[in-house]
file start_17.txt (compact mmCIF, C-alpha atoms)
# COMPACT_ATOMS: atom_id res chain seq x y z
CA MET A 1 -0.05 -9.58 12.79
CA CYS A 2 -1.89 -12.67 11.63
CA THR A 3 -5.36 -12.21 13.07
CA TYR A 4 -6.35 -15.87 12.59
CA ALA A 5 -9.93 -14.57 12.55
CA THR A 6 -12.04 -16.17 9.85
CA VAL A 7 -15.77 -15.79 9.20
CA ARG A 8 -17.39 -18.32 6.89
CA THR A 9 -20.77 -18.15 5.23
CA ALA A 10 -22.69 -20.27 2.72
CA LEU A 11 -23.46 -18.45 -0.53
CA THR A 12 -25.49 -19.16 -3.63
CA GLY A 13 -24.44 -17.41 -6.81
CA SER A 14 -21.72 -17.32 -9.41
CA ALA A 15 -18.31 -15.76 -9.89
CA LYS A 16 -15.96 -15.36 -12.81
CA GLY A 17 -12.69 -16.95 -11.88
CA PRO A 18 -9.58 -18.62 -13.31
CA ASP A 19 -9.30 -18.67 -17.12
CA SER A 20 -12.26 -16.25 -17.35
CA LYS A 21 -14.66 -19.08 -16.59
CA TRP A 22 -17.78 -18.69 -14.50
CA PHE A 23 -18.37 -21.10 -11.66
CA HIS A 24 -21.05 -21.67 -9.06
CA VAL A 25 -20.18 -20.14 -5.68
CA THR A 26 -21.10 -22.11 -2.58
CA ASP A 27 -18.89 -20.62 0.12
CA GLY A 28 -17.70 -17.20 1.25
CA THR A 29 -14.75 -16.69 3.56
CA VAL A 30 -14.19 -13.26 5.10
CA TYR A 31 -11.18 -12.23 7.18
CA PHE A 32 -9.11 -9.20 8.10
CA ASP A 33 -5.46 -10.07 7.74
CA HIS A 34 -2.36 -9.70 5.58
CA PRO A 35 -3.12 -9.43 1.87
CA VAL A 36 -1.27 -11.37 -0.80
CA HIS A 37 -1.27 -8.57 -3.35
CA ALA A 38 -2.78 -5.30 -2.04
CA MET A 39 -0.31 -2.63 -0.93
CA ALA A 40 -1.49 -2.47 2.67
CA GLU A 41 -0.37 -4.24 5.82
CA HIS A 42 -3.86 -5.53 6.52
CA THR A 43 -6.97 -5.78 4.37
CA LEU A 44 -10.48 -7.13 4.51
CA ASN A 45 -10.27 -10.23 2.36
CA ILE A 46 -13.13 -12.12 0.76
CA ASP A 47 -12.89 -15.47 -0.98
CA PHE A 48 -15.80 -16.51 -3.17
CA ALA A 49 -15.27 -20.22 -3.63
CA ASP A 50 -16.56 -23.63 -4.56
CA PRO A 51 -14.43 -26.01 -2.45
CA ALA A 52 -15.94 -29.00 -4.26
CA LYS A 53 -14.14 -27.87 -7.40
CA GLY A 54 -10.79 -27.55 -5.62
CA PRO A 55 -8.65 -24.74 -4.17
CA GLY A 56 -8.37 -22.98 -7.53
CA ALA A 57 -12.12 -22.37 -7.79
CA ARG A 58 -11.85 -19.07 -5.98
CA VAL A 59 -12.23 -15.38 -6.62
CA ALA A 60 -10.21 -13.42 -4.08
CA VAL A 61 -10.71 -9.77 -3.16
CA GLU A 62 -8.47 -7.71 -0.85
CA LEU A 63 -9.87 -4.33 0.24
CA THR A 64 -8.68 -1.65 2.61
CA ALA A 65 -10.87 -1.37 5.69
CA ALA A 66 -12.36 1.91 4.40
CA SER A 67 -13.09 0.35 1.01
CA ALA A 68 -14.70 -2.67 2.62
CA ARG A 69 -17.04 -0.43 4.59
CA GLU A 70 -17.92 1.48 1.42
CA LEU A 71 -18.66 -1.81 -0.30
CA VAL A 72 -20.98 -2.88 2.51
CA THR A 73 -22.82 0.45 2.21
CA ALA A 74 -23.03 0.09 -1.58
CA ILE A 75 -24.37 -3.45 -1.34
CA GLU A 76 -26.99 -2.38 1.20
CA ALA A 77 -27.98 0.59 -0.99
CA ALA A 78 -28.29 -1.56 -4.09
CA LEU A 79 -30.39 -4.11 -2.24
CA ALA A 80 -32.58 -1.35 -0.77
CA SER A 81 -33.25 0.10 -4.21
CA ALA A 82 -34.74 -3.11 -5.57
CA PRO A 83 -38.39 -4.06 -5.16
CA GLU A 84 -38.96 -6.49 -2.31
CA GLU A 85 -40.66 -9.06 -4.56
CA LEU A 86 -37.47 -9.45 -6.58
CA LYS A 87 -35.31 -10.20 -3.55
CA VAL A 88 -35.67 -13.87 -2.84
CA MET B 1 32.88 -21.94 0.20
CA SER B 2 31.14 -22.06 -3.17
CA ASP B 3 27.88 -20.22 -3.63
CA SER B 4 26.56 -23.01 -5.85
CA LEU B 5 23.39 -24.64 -4.63
CA SER B 6 20.53 -26.81 -5.78
CA ALA B 7 16.84 -26.67 -4.91
CA GLU B 8 14.02 -29.11 -5.49
CA THR B 9 10.57 -30.16 -4.41
CA ILE B 10 10.52 -33.44 -2.50
CA GLN B 11 8.14 -35.54 -0.41
CA ILE B 12 8.78 -36.08 3.28
CA SER B 13 7.03 -37.96 6.05
CA GLY B 14 5.14 -35.47 8.24
CA HIS B 15 2.73 -35.70 11.14
CA ASP B 16 1.23 -39.18 11.57
CA GLY B 17 3.45 -40.42 8.75
CA ASP B 18 1.55 -38.41 6.13
CA GLU B 19 3.48 -37.79 2.94
CA ILE B 20 3.71 -34.03 2.40
CA GLU B 21 5.50 -31.78 -0.03
CA ALA B 22 8.59 -29.84 1.00
CA TYR B 23 11.04 -27.50 -0.68
CA LEU B 24 14.69 -28.46 -0.12
CA ALA B 25 17.71 -26.31 -0.94
CA ARG B 26 21.29 -27.53 -0.44
CA PRO B 27 24.73 -26.05 -0.93
CA ALA B 28 27.00 -27.79 -3.41
CA GLY B 29 29.71 -29.98 -1.94
CA ASP B 30 29.78 -32.78 0.59
CA GLU B 31 31.11 -31.10 3.71
CA ALA B 32 29.15 -31.62 6.94
CA ARG B 33 26.75 -28.80 7.82
CA GLY B 34 23.76 -27.89 9.92
CA GLY B 35 20.16 -27.84 8.76
CA VAL B 36 17.39 -25.25 8.93
CA VAL B 37 13.63 -25.86 8.86
CA VAL B 38 11.82 -22.80 7.53
CA ILE B 39 8.18 -22.46 8.63
CA HIS B 40 6.22 -20.47 6.09
CA HIS B 41 3.92 -17.62 7.08
CA MET B 42 0.15 -17.85 7.00
CA PRO B 43 -0.07 -16.72 3.34
CA GLY B 44 1.60 -19.97 2.50
CA TYR B 45 4.36 -21.91 0.88
CA ASP B 46 5.06 -19.09 -1.53
CA ARG B 47 7.83 -17.64 -3.66
CA GLY B 48 9.09 -15.37 -0.87
CA THR B 49 9.41 -18.29 1.52
CA LYS B 50 11.25 -20.40 -1.04
CA GLU B 51 13.67 -17.50 -1.56
CA ILE B 52 14.39 -17.62 2.17
CA VAL B 53 15.06 -21.38 1.93
CA ARG B 54 17.55 -20.80 -0.88
CA ARG B 55 19.21 -18.02 1.10
CA PHE B 56 19.92 -20.45 3.92
CA ALA B 57 21.50 -22.82 1.40
CA GLU B 58 23.60 -19.92 0.13
CA LEU B 59 24.64 -19.36 3.75
CA GLY B 60 25.86 -22.95 3.93
CA TYR B 61 22.94 -24.87 5.44
CA ASP B 62 20.74 -27.65 4.15
CA ALA B 63 17.36 -25.94 4.33
CA ILE B 64 13.82 -27.22 3.99
CA CYS B 65 10.32 -25.80 4.12
CA PRO B 66 7.42 -28.22 4.59
CA ASN B 67 4.20 -27.26 2.81
CA LEU B 68 1.90 -27.02 5.81
CA TYR B 69 -1.16 -26.85 3.53
CA TRP B 70 -0.35 -29.89 1.40
CA ARG B 71 -3.11 -32.01 2.90
CA GLU B 72 -5.85 -29.47 2.18
CA ALA B 73 -4.62 -28.37 -1.23
CA PRO B 74 -2.03 -30.58 -2.93
CA GLY B 75 -0.61 -28.91 -6.01
CA ALA B 76 -2.64 -25.73 -5.62
CA ALA B 77 -1.27 -22.21 -6.03
CA PRO B 78 0.12 -21.00 -2.68
CA ASP B 79 -2.53 -18.31 -2.20
CA ASP B 80 -5.36 -20.71 -3.06
CA ALA B 81 -3.90 -23.29 -0.70
CA ALA B 82 -3.65 -20.73 2.09
CA ALA B 83 -7.27 -19.70 1.55
CA THR B 84 -8.41 -23.31 1.63
CA ALA B 85 -6.44 -24.09 4.78
CA ARG B 86 -7.79 -20.98 6.43
CA ALA B 87 -11.39 -21.82 5.57
CA ASN B 88 -10.80 -25.27 7.08
CA GLY B 89 -9.63 -23.80 10.38
CA GLY B 90 -5.86 -23.53 9.88
CA VAL B 91 -3.02 -25.77 10.98
CA PRO B 92 -3.52 -27.57 14.33
CA ASP B 93 -0.56 -27.25 16.69
CA ALA B 94 -0.01 -31.01 16.95
CA ARG B 95 0.14 -31.35 13.17
CA LEU B 96 2.62 -28.47 12.95
CA VAL B 97 4.91 -30.17 15.43
CA GLY B 98 4.69 -33.44 13.48
CA ASP B 99 5.43 -31.78 10.17
CA VAL B 100 8.39 -29.79 11.49
CA GLY B 101 9.68 -32.92 13.19
CA GLY B 102 9.46 -34.80 9.90
CA ALA B 103 11.30 -32.00 8.12
CA ALA B 104 14.03 -32.01 10.76
CA GLU B 105 14.44 -35.76 10.39
CA ALA B 106 14.68 -35.40 6.62
CA LEU B 107 17.56 -32.95 7.14
CA ARG B 108 19.32 -35.20 9.63
CA ALA B 109 19.05 -38.08 7.16
CA LEU B 110 21.05 -36.20 4.52
CA PRO B 111 24.63 -37.44 4.10
CA THR B 112 25.90 -33.91 4.71
CA SER B 113 24.14 -33.48 8.05
CA ASN B 114 26.24 -32.66 11.11
CA GLY B 115 23.25 -33.71 13.24
CA LYS B 116 22.20 -30.18 14.18
CA VAL B 117 18.95 -28.62 13.04
CA GLY B 118 17.50 -25.20 13.69
CA VAL B 119 14.06 -23.79 12.98
CA ILE B 120 12.86 -20.35 11.92
CA GLY B 121 9.40 -18.96 11.34
CA TYR B 122 7.85 -15.69 10.36
CA CYS B 123 4.57 -14.15 11.50
CA SER B 124 2.30 -17.08 12.49
CA GLY B 125 5.39 -19.20 11.81
CA GLY B 126 7.22 -17.30 14.56
CA ARG B 127 4.83 -18.70 17.13
CA GLN B 128 5.09 -22.10 15.46
CA SER B 129 8.89 -21.96 15.63
CA VAL B 130 8.69 -21.54 19.41
CA LEU B 131 6.03 -24.28 19.56
CA ALA B 132 8.32 -26.65 17.67
CA ALA B 133 11.27 -25.79 19.89
CA CYS B 134 9.21 -26.64 22.98
CA ASN B 135 8.28 -30.05 21.62
CA LEU B 136 11.10 -31.31 19.41
CA PRO B 137 14.83 -32.02 19.77
CA LEU B 138 16.13 -28.94 17.94
CA ASP B 139 19.38 -27.03 18.38
CA ALA B 140 18.33 -23.42 17.73
CA ALA B 141 15.06 -21.56 17.12
CA VAL B 142 14.31 -18.16 15.61
CA ASP B 143 11.03 -16.36 16.23
CA CYS B 144 10.40 -13.52 13.79
CA TYR B 145 7.57 -11.44 15.26
CA GLY B 146 5.29 -14.34 16.15
CA ALA B 147 2.06 -13.21 17.79
CA PHE B 148 0.59 -15.00 20.81
CA VAL B 149 3.67 -16.70 22.12
CA THR B 150 2.69 -14.66 25.17
CA GLY B 151 -0.22 -12.31 25.67
CA THR B 152 -3.91 -12.93 25.96
CA PRO B 153 -6.11 -12.45 22.91
CA PRO B 154 -8.47 -9.48 23.39
CA GLU B 155 -11.97 -10.15 24.67
CA GLY B 156 -14.19 -11.38 21.85
CA PHE B 157 -11.26 -11.89 19.50
CA PRO B 158 -12.14 -14.99 17.48
CA LEU B 159 -8.74 -16.63 17.61
CA LYS B 160 -8.21 -20.30 17.15
CA VAL B 161 -4.77 -20.21 18.75
CA THR B 162 -3.66 -20.08 22.34
CA ASN B 163 -0.48 -18.59 23.72
CA LEU B 164 2.49 -20.81 24.57
CA VAL B 165 3.18 -19.59 28.10
CA ASP B 166 2.54 -23.01 29.66
CA GLN B 167 4.95 -24.64 27.19
CA LEU B 168 7.87 -22.23 27.56
CA PRO B 169 9.43 -24.14 30.50
CA ASN B 170 9.92 -26.99 27.98
CA LEU B 171 11.90 -24.90 25.49
CA ARG B 172 14.74 -27.19 24.41
CA CYS B 173 17.16 -24.87 22.63
CA PRO B 174 18.42 -21.28 22.47
CA LEU B 175 15.91 -18.81 21.05
CA LEU B 176 16.65 -15.76 18.90
CA GLY B 177 13.77 -13.29 18.79
CA LEU B 178 13.46 -10.49 16.22
CA PHE B 179 10.70 -7.95 16.77
CA GLY B 180 9.49 -4.57 15.51
CA ASN B 181 8.81 -1.97 18.17
CA GLU B 182 5.84 -0.67 16.18
CA ASP B 183 4.19 -4.09 16.10
CA SER B 184 0.97 -4.60 18.07
CA TYR B 185 0.97 -8.41 17.85
CA PRO B 186 3.35 -9.11 19.44
CA SER B 187 3.38 -5.80 21.28
CA PRO B 188 6.54 -4.57 23.04
CA ASP B 189 4.86 -5.51 26.33
CA GLN B 190 4.30 -9.06 25.11
CA VAL B 191 7.93 -9.30 24.03
CA ASP B 192 8.91 -8.05 27.50
CA GLU B 193 6.77 -10.79 29.02
CA LEU B 194 8.43 -13.45 26.88
CA ASP B 195 11.86 -12.12 27.85
CA GLU B 196 10.93 -12.21 31.55
CA ILE B 197 9.56 -15.75 31.39
CA LEU B 198 12.61 -17.11 29.57
CA THR B 199 14.95 -15.34 31.97
CA ARG B 200 13.06 -16.74 34.96
CA GLU B 201 13.21 -20.23 33.43
CA SER B 202 16.95 -19.85 32.70
CA LYS B 203 16.33 -20.44 28.99
CA PRO B 204 19.08 -19.03 26.76
CA HIS B 205 17.62 -16.37 24.52
CA GLU B 206 18.64 -13.26 22.63
CA PHE B 207 16.20 -10.61 21.46
CA HIS B 208 16.73 -7.76 18.99
CA ARG B 209 14.03 -5.13 18.79
CA TYR B 210 13.88 -2.56 16.02
CA ASP B 211 12.58 0.99 15.98
CA ASN B 212 10.80 2.16 12.83
CA ALA B 213 9.73 -1.41 12.14
CA GLY B 214 6.43 -3.18 12.69
CA HIS B 215 5.14 -6.59 11.79
CA ALA B 216 6.58 -8.51 8.82
CA PHE B 217 9.61 -6.26 8.34
CA PHE B 218 11.48 -9.09 6.56
CA SER B 219 8.86 -9.29 3.78
CA VAL B 220 10.61 -7.80 0.76
CA ASP B 221 7.44 -7.77 -1.36
CA ARG B 222 5.16 -6.07 1.15
CA PRO B 223 4.76 -2.49 2.39
CA ALA B 224 5.88 -3.63 5.85
CA TYR B 225 9.44 -4.24 4.60
CA ARG B 226 12.06 -2.26 6.54
CA VAL B 227 15.48 -2.61 5.02
CA GLU B 228 17.49 -1.56 8.08
CA ALA B 229 15.75 -3.99 10.44
CA ALA B 230 15.77 -6.78 7.88
CA ASN B 231 19.46 -6.42 7.09
CA ASP B 232 20.45 -6.41 10.75
CA GLY B 233 18.03 -9.28 11.42
CA TRP B 234 19.68 -11.43 8.77
CA GLU B 235 23.09 -10.72 10.32
CA GLN B 236 21.78 -11.75 13.73
CA ILE B 237 20.36 -14.96 12.27
CA GLU B 238 23.67 -15.79 10.57
CA THR B 239 25.62 -15.27 13.79
CA PHE B 240 23.11 -17.20 15.89
CA TYR B 241 23.00 -20.20 13.58
CA GLN B 242 26.76 -20.22 13.16
CA ALA B 243 27.10 -20.45 16.95
CA ASN B 244 24.44 -23.12 17.40
CA LEU B 245 24.40 -25.15 14.20
CA GLY B 246 28.00 -24.92 13.04
CA GLY B 247 30.55 -27.74 13.15
call {"tool": "encode", "arguments": {"input": "start_17.txt", "output": "structure tokens"}}
result
Amino acid sequence: MCTYATVRTALTGSAKGPDSKWFHVTDGTVYFDHPVHAMAEHTLNIDFADPAKGPGARVAVELTAASARELVTAIEAALASAPEELKV
Amino acid sequence: MSDSLSAETIQISGHDGDEIEAYLARPAGDEARGGVVVIHHMPGYDRGTKEIVRRFAELGYDAICPNLYWREAPGAAPDDAAATARANGGVPDARLVGDVGGAAEALRALPTSNGKVGVIGYCSGGRQSVLAACNLPLDAAVDCYGAFVTGTPPEGFPLKVTNLVDQLPNLRCPLLGLFGNEDSYPSPDQVDELDEILTRESKPHEFHRYDNAGHAFFSVDRPAYRVEAANDGWEQIETFYQANLGG
């Protein structure tokens, strides 16, 4: 099915995108729906994007639900391992 | 009939007179024929969808697919355009109707048109095909596993779409529905509900429901592809359009 569900969030950071060029990331879009490339019927998809630079300024990730949960755990673990004063 | 055809990208007048991109494929020759508007799935105006447009030309129809994401992302790669459109909230129903109406008019304006135009959509486009058929003068509609034609979104489900139950009494043309019995959206119960409503409203419709098939069984480049269902589905589409768009 097409879930139509879309969660958006503002981000500050960078991503390496088209033509191996880095760009500033301003927006994240997260949704669970059909992937374009992954061999699964549904995946957790994340777009790291800078809409001001156009539709092509995007790094897309398609993860199985299990992988997405593992990524969340890994991100939380990495953040937890860093000293609080560094996390601003 | 020759299997020669031509395909090209053109501009058409869509909703509110906006100029939008569309992919047009036409059989060779100047004999009169019906037209088919192909509504692309949520992942966009992509290679797979354009292959479907060319297949309809090979079957003898003038076929067109409007790029529903042209306004948000003109000239972008299909996946980037789909992501941009999604982040912006998707395609509003009124705009979809306007764009499909513009595509249908572009087909009717061709010198080869016999005046009849059908519509077909896949996945989210299945629902949009029914939506178009409830709001536009079309001659045949095909719904390939469109979710939320009937059925109520689950509690807390952050959908931006509504079902089309209140619009079904306005359905203007025969509807062919193709569904996988292993699909959850639309579920077999939701397909039953659609069948019951159309029967009650005396709307001509014909449903084919496939075992061992779920959502997106026509998608040849995805794991959901089911060759048996897809092959029979294409035969049903050919027969249905021949009956409703021919001569």
call {"tool": "residues_around", "arguments": {"input": "start_17.txt", "residues": "stretch 34-36 of chain A", "least_positions_apart": "5", "cutoff": "7 Å", "atoms": "only C-alpha atoms", "output": "MDAnalysis selection string"}}
result
(chainID A and resid 2 41:43 62) or (chainID B and resid 43)
call {"tool": "closest_residue", "arguments": {"input": "start_17.txt", "among": "B:Met42, B:Leu194, B:Gly98, B:Cys65", "to": "B:Ala83", "atoms": "only C-alpha atoms"}}
result
B:Met42
call {"tool": "closest_residue", "arguments": {"input": "start_17.txt", "among": "A:Ala15, A:Val61, A:Met39, A:Ala10", "to": "chain B", "atoms": "all atoms listed in the file"}}
result
A:Met39
call {"tool": "interface_residues", "arguments": {"input": "start_17.txt", "of": "chain A", "to": "chain B", "cutoff": "12 Å", "atoms": "all atoms listed in the file", "output": "mmCIF file with C-alpha atoms, in the coordinates of the input"}}
result
data_model
loop_
_atom_site.group_PDB
_atom_site.id
_atom_site.type_symbol
_atom_site.label_atom_id
_atom_site.label_comp_id
_atom_site.auth_asym_id
_atom_site.auth_seq_id
_atom_site.Cartn_x
_atom_site.Cartn_y
_atom_site.Cartn_z
ATOM 1 C CA MET A 1 -0.050 -9.580 12.790
ATOM 2 C CA CYS A 2 -1.890 -12.670 11.630
ATOM 3 C CA THR A 3 -5.360 -12.210 13.070
ATOM 4 C CA TYR A 4 -6.350 -15.870 12.590
ATOM 5 C CA ALA A 5 -9.930 -14.570 12.550
ATOM 6 C CA THR A 6 -12.040 -16.170 9.850
ATOM 7 C CA VAL A 7 -15.770 -15.790 9.200
ATOM 8 C CA ARG A 8 -17.390 -18.320 6.890
ATOM 9 C CA THR A 9 -20.770 -18.150 5.230
ATOM 10 C CA ALA A 10 -22.690 -20.270 2.720
ATOM 11 C CA PRO A 18 -9.580 -18.620 -13.310
ATOM 12 C CA ASP A 27 -18.890 -20.620 0.120
ATOM 13 C CA GLY A 28 -17.700 -17.200 1.250
ATOM 14 C CA THR A 29 -14.750 -16.690 3.560
ATOM 15 C CA VAL A 30 -14.190 -13.260 5.100
ATOM 16 C CA TYR A 31 -11.180 -12.230 7.180
ATOM 17 C CA PHE A 32 -9.110 -9.200 8.100
ATOM 18 C CA ASP A 33 -5.460 -10.070 7.740
ATOM 19 C CA HIS A 34 -2.360 -9.700 5.580
ATOM 20 C CA PRO A 35 -3.120 -9.430 1.870
ATOM 21 C CA VAL A 36 -1.270 -11.370 -0.800
ATOM 22 C CA HIS A 37 -1.270 -8.570 -3.350
ATOM 23 C CA ALA A 38 -2.780 -5.300 -2.040
ATOM 24 C CA MET A 39 -0.310 -2.630 -0.930
ATOM 25 C CA ALA A 40 -1.490 -2.470 2.670
ATOM 26 C CA GLU A 41 -0.370 -4.240 5.820
ATOM 27 C CA HIS A 42 -3.860 -5.530 6.520
ATOM 28 C CA ASN A 45 -10.270 -10.230 2.360
ATOM 29 C CA ILE A 46 -13.130 -12.120 0.760
ATOM 30 C CA ASP A 47 -12.890 -15.470 -0.980
ATOM 31 C CA PHE A 48 -15.800 -16.510 -3.170
ATOM 32 C CA ALA A 49 -15.270 -20.220 -3.630
ATOM 33 C CA ASP A 50 -16.560 -23.630 -4.560
ATOM 34 C CA PRO A 51 -14.430 -26.010 -2.450
ATOM 35 C CA ALA A 52 -15.940 -29.000 -4.260
ATOM 36 C CA LYS A 53 -14.140 -27.870 -7.400
ATOM 37 C CA GLY A 54 -10.790 -27.550 -5.620
ATOM 38 C CA PRO A 55 -8.650 -24.740 -4.170
ATOM 39 C CA GLY A 56 -8.370 -22.980 -7.530
ATOM 40 C CA ALA A 57 -12.120 -22.370 -7.790
ATOM 41 C CA ARG A 58 -11.850 -19.070 -5.980
ATOM 42 C CA VAL A 59 -12.230 -15.380 -6.620
ATOM 43 C CA ALA A 60 -10.210 -13.420 -4.080
ATOM 44 C CA VAL A 61 -10.710 -9.770 -3.160
#
call {"tool": "atom_distance", "arguments": {"input": "start_17.txt", "atom1": "atom CA of B:Ile20", "atom2": "atom CA of B:Ala133"}}
result
20.8 Å
call {"tool": "atom_distance", "arguments": {"input": "start_17.txt", "atom1": "atom CA of B:Gly35", "atom2": "atom CA of B:Glu196"}}
result
29.1 Å
call {"tool": "closest_residue", "arguments": {"input": "start_17.txt", "among": "B:Ala109, B:Leu59, B:Val191, B:Ala141", "to": "B:Glu235", "atoms": "only C-alpha atoms"}}
result
B:Leu59
call {"tool": "atom_distance", "arguments": {"input": "start_17.txt", "atom1": "atom CA of B:Leu5", "atom2": "atom CA of B:Ala32"}}
result
14.7 Å
call {"tool": "closest_residue", "arguments": {"input": "start_17.txt", "among": "B:Asn231, B:Asn135, B:Gln167, B:Thr150", "to": "B:Gly101", "atoms": "all atoms listed in the file"}}
result
B:Asn135
call {"tool": "build_atoms", "arguments": {"input": "start_17.txt", "residues": "stretch 173-194 of chain B", "atoms": "N, CA and C atoms", "output": "mmCIF file, keeping the file's coordinate frame"}}
result
data_model
loop_
_atom_site.group_PDB
_atom_site.id
_atom_site.type_symbol
_atom_site.label_atom_id
_atom_site.label_comp_id
_atom_site.auth_asym_id
_atom_site.auth_seq_id
_atom_site.Cartn_x
_atom_site.Cartn_y
_atom_site.Cartn_z
ATOM 1 N N CYS B 173 15.971 -25.389 23.312
ATOM 2 C CA CYS B 173 17.160 -24.870 22.630
ATOM 3 C C CYS B 173 17.203 -23.353 22.755
ATOM 4 N N PRO B 174 18.342 -22.744 22.438
ATOM 5 C CA PRO B 174 18.420 -21.280 22.470
ATOM 6 C C PRO B 174 17.438 -20.648 21.483
ATOM 7 N N LEU B 175 16.898 -19.505 21.874
ATOM 8 C CA LEU B 175 15.910 -18.810 21.050
ATOM 9 C C LEU B 175 16.419 -17.422 20.678
ATOM 10 N N LEU B 176 16.380 -17.120 19.383
ATOM 11 C CA LEU B 176 16.650 -15.760 18.900
ATOM 12 C C LEU B 176 15.311 -15.145 18.531
ATOM 13 N N GLY B 177 15.019 -13.980 19.094
ATOM 14 C CA GLY B 177 13.770 -13.290 18.790
ATOM 15 C C GLY B 177 14.036 -11.976 18.083
ATOM 16 N N LEU B 178 13.308 -11.717 17.005
ATOM 17 C CA LEU B 178 13.460 -10.490 16.220
ATOM 18 C C LEU B 178 12.096 -9.821 16.127
ATOM 19 N N PHE B 179 12.009 -8.587 16.631
ATOM 20 C CA PHE B 179 10.700 -7.950 16.770
ATOM 21 C C PHE B 179 10.755 -6.478 16.352
ATOM 22 N N GLY B 180 9.636 -5.982 15.844
ATOM 23 C CA GLY B 180 9.490 -4.570 15.510
ATOM 24 C C GLY B 180 8.822 -3.831 16.659
ATOM 25 N N ASN B 181 9.382 -2.710 17.043
ATOM 26 C CA ASN B 181 8.810 -1.970 18.170
ATOM 27 C C ASN B 181 7.474 -1.320 17.836
ATOM 28 N N GLU B 182 7.134 -1.249 16.548
ATOM 29 C CA GLU B 182 5.840 -0.670 16.180
ATOM 30 C C GLU B 182 4.785 -1.759 15.952
ATOM 31 N N ASP B 183 5.135 -2.979 16.255
ATOM 32 C CA ASP B 183 4.190 -4.090 16.100
ATOM 33 C C ASP B 183 3.198 -4.072 17.272
ATOM 34 N N SER B 184 1.966 -4.462 16.998
ATOM 35 C CA SER B 184 0.970 -4.600 18.070
ATOM 36 C C SER B 184 0.795 -6.054 18.497
ATOM 37 N N TYR B 185 1.085 -6.969 17.569
ATOM 38 C CA TYR B 185 0.970 -8.410 17.850
ATOM 39 C C TYR B 185 2.154 -9.131 17.267
ATOM 40 N N PRO B 186 3.225 -9.328 18.014
ATOM 41 C CA PRO B 186 3.350 -9.110 19.440
ATOM 42 C C PRO B 186 3.693 -7.655 19.757
ATOM 43 N N SER B 187 3.088 -7.160 20.816
ATOM 44 C CA SER B 187 3.380 -5.800 21.280
ATOM 45 C C SER B 187 4.709 -5.811 22.040
ATOM 46 N N PRO B 188 5.333 -4.633 22.204
ATOM 47 C CA PRO B 188 6.540 -4.570 23.040
ATOM 48 C C PRO B 188 6.322 -5.151 24.435
ATOM 49 N N ASP B 189 5.135 -4.947 25.007
ATOM 50 C CA ASP B 189 4.860 -5.510 26.330
ATOM 51 C C ASP B 189 4.849 -7.038 26.297
ATOM 52 N N GLN B 190 4.318 -7.594 25.224
ATOM 53 C CA GLN B 190 4.300 -9.060 25.110
ATOM 54 C C GLN B 190 5.694 -9.622 24.901
ATOM 55 N N VAL B 191 6.530 -8.874 24.187
ATOM 56 C CA VAL B 191 7.930 -9.300 24.030
ATOM 57 C C VAL B 191 8.645 -9.211 25.380
ATOM 58 N N ASP B 192 8.346 -8.160 26.147
ATOM 59 C CA ASP B 192 8.910 -8.050 27.500
ATOM 60 C C ASP B 192 8.513 -9.266 28.337
ATOM 61 N N GLU B 193 7.257 -9.644 28.242
ATOM 62 C CA GLU B 193 6.770 -10.790 29.020
ATOM 63 C C GLU B 193 7.505 -12.065 28.632
ATOM 64 N N LEU B 194 7.709 -12.253 27.336
ATOM 65 C CA LEU B 194 8.430 -13.450 26.880
ATOM 66 C C LEU B 194 9.865 -13.432 27.410
#
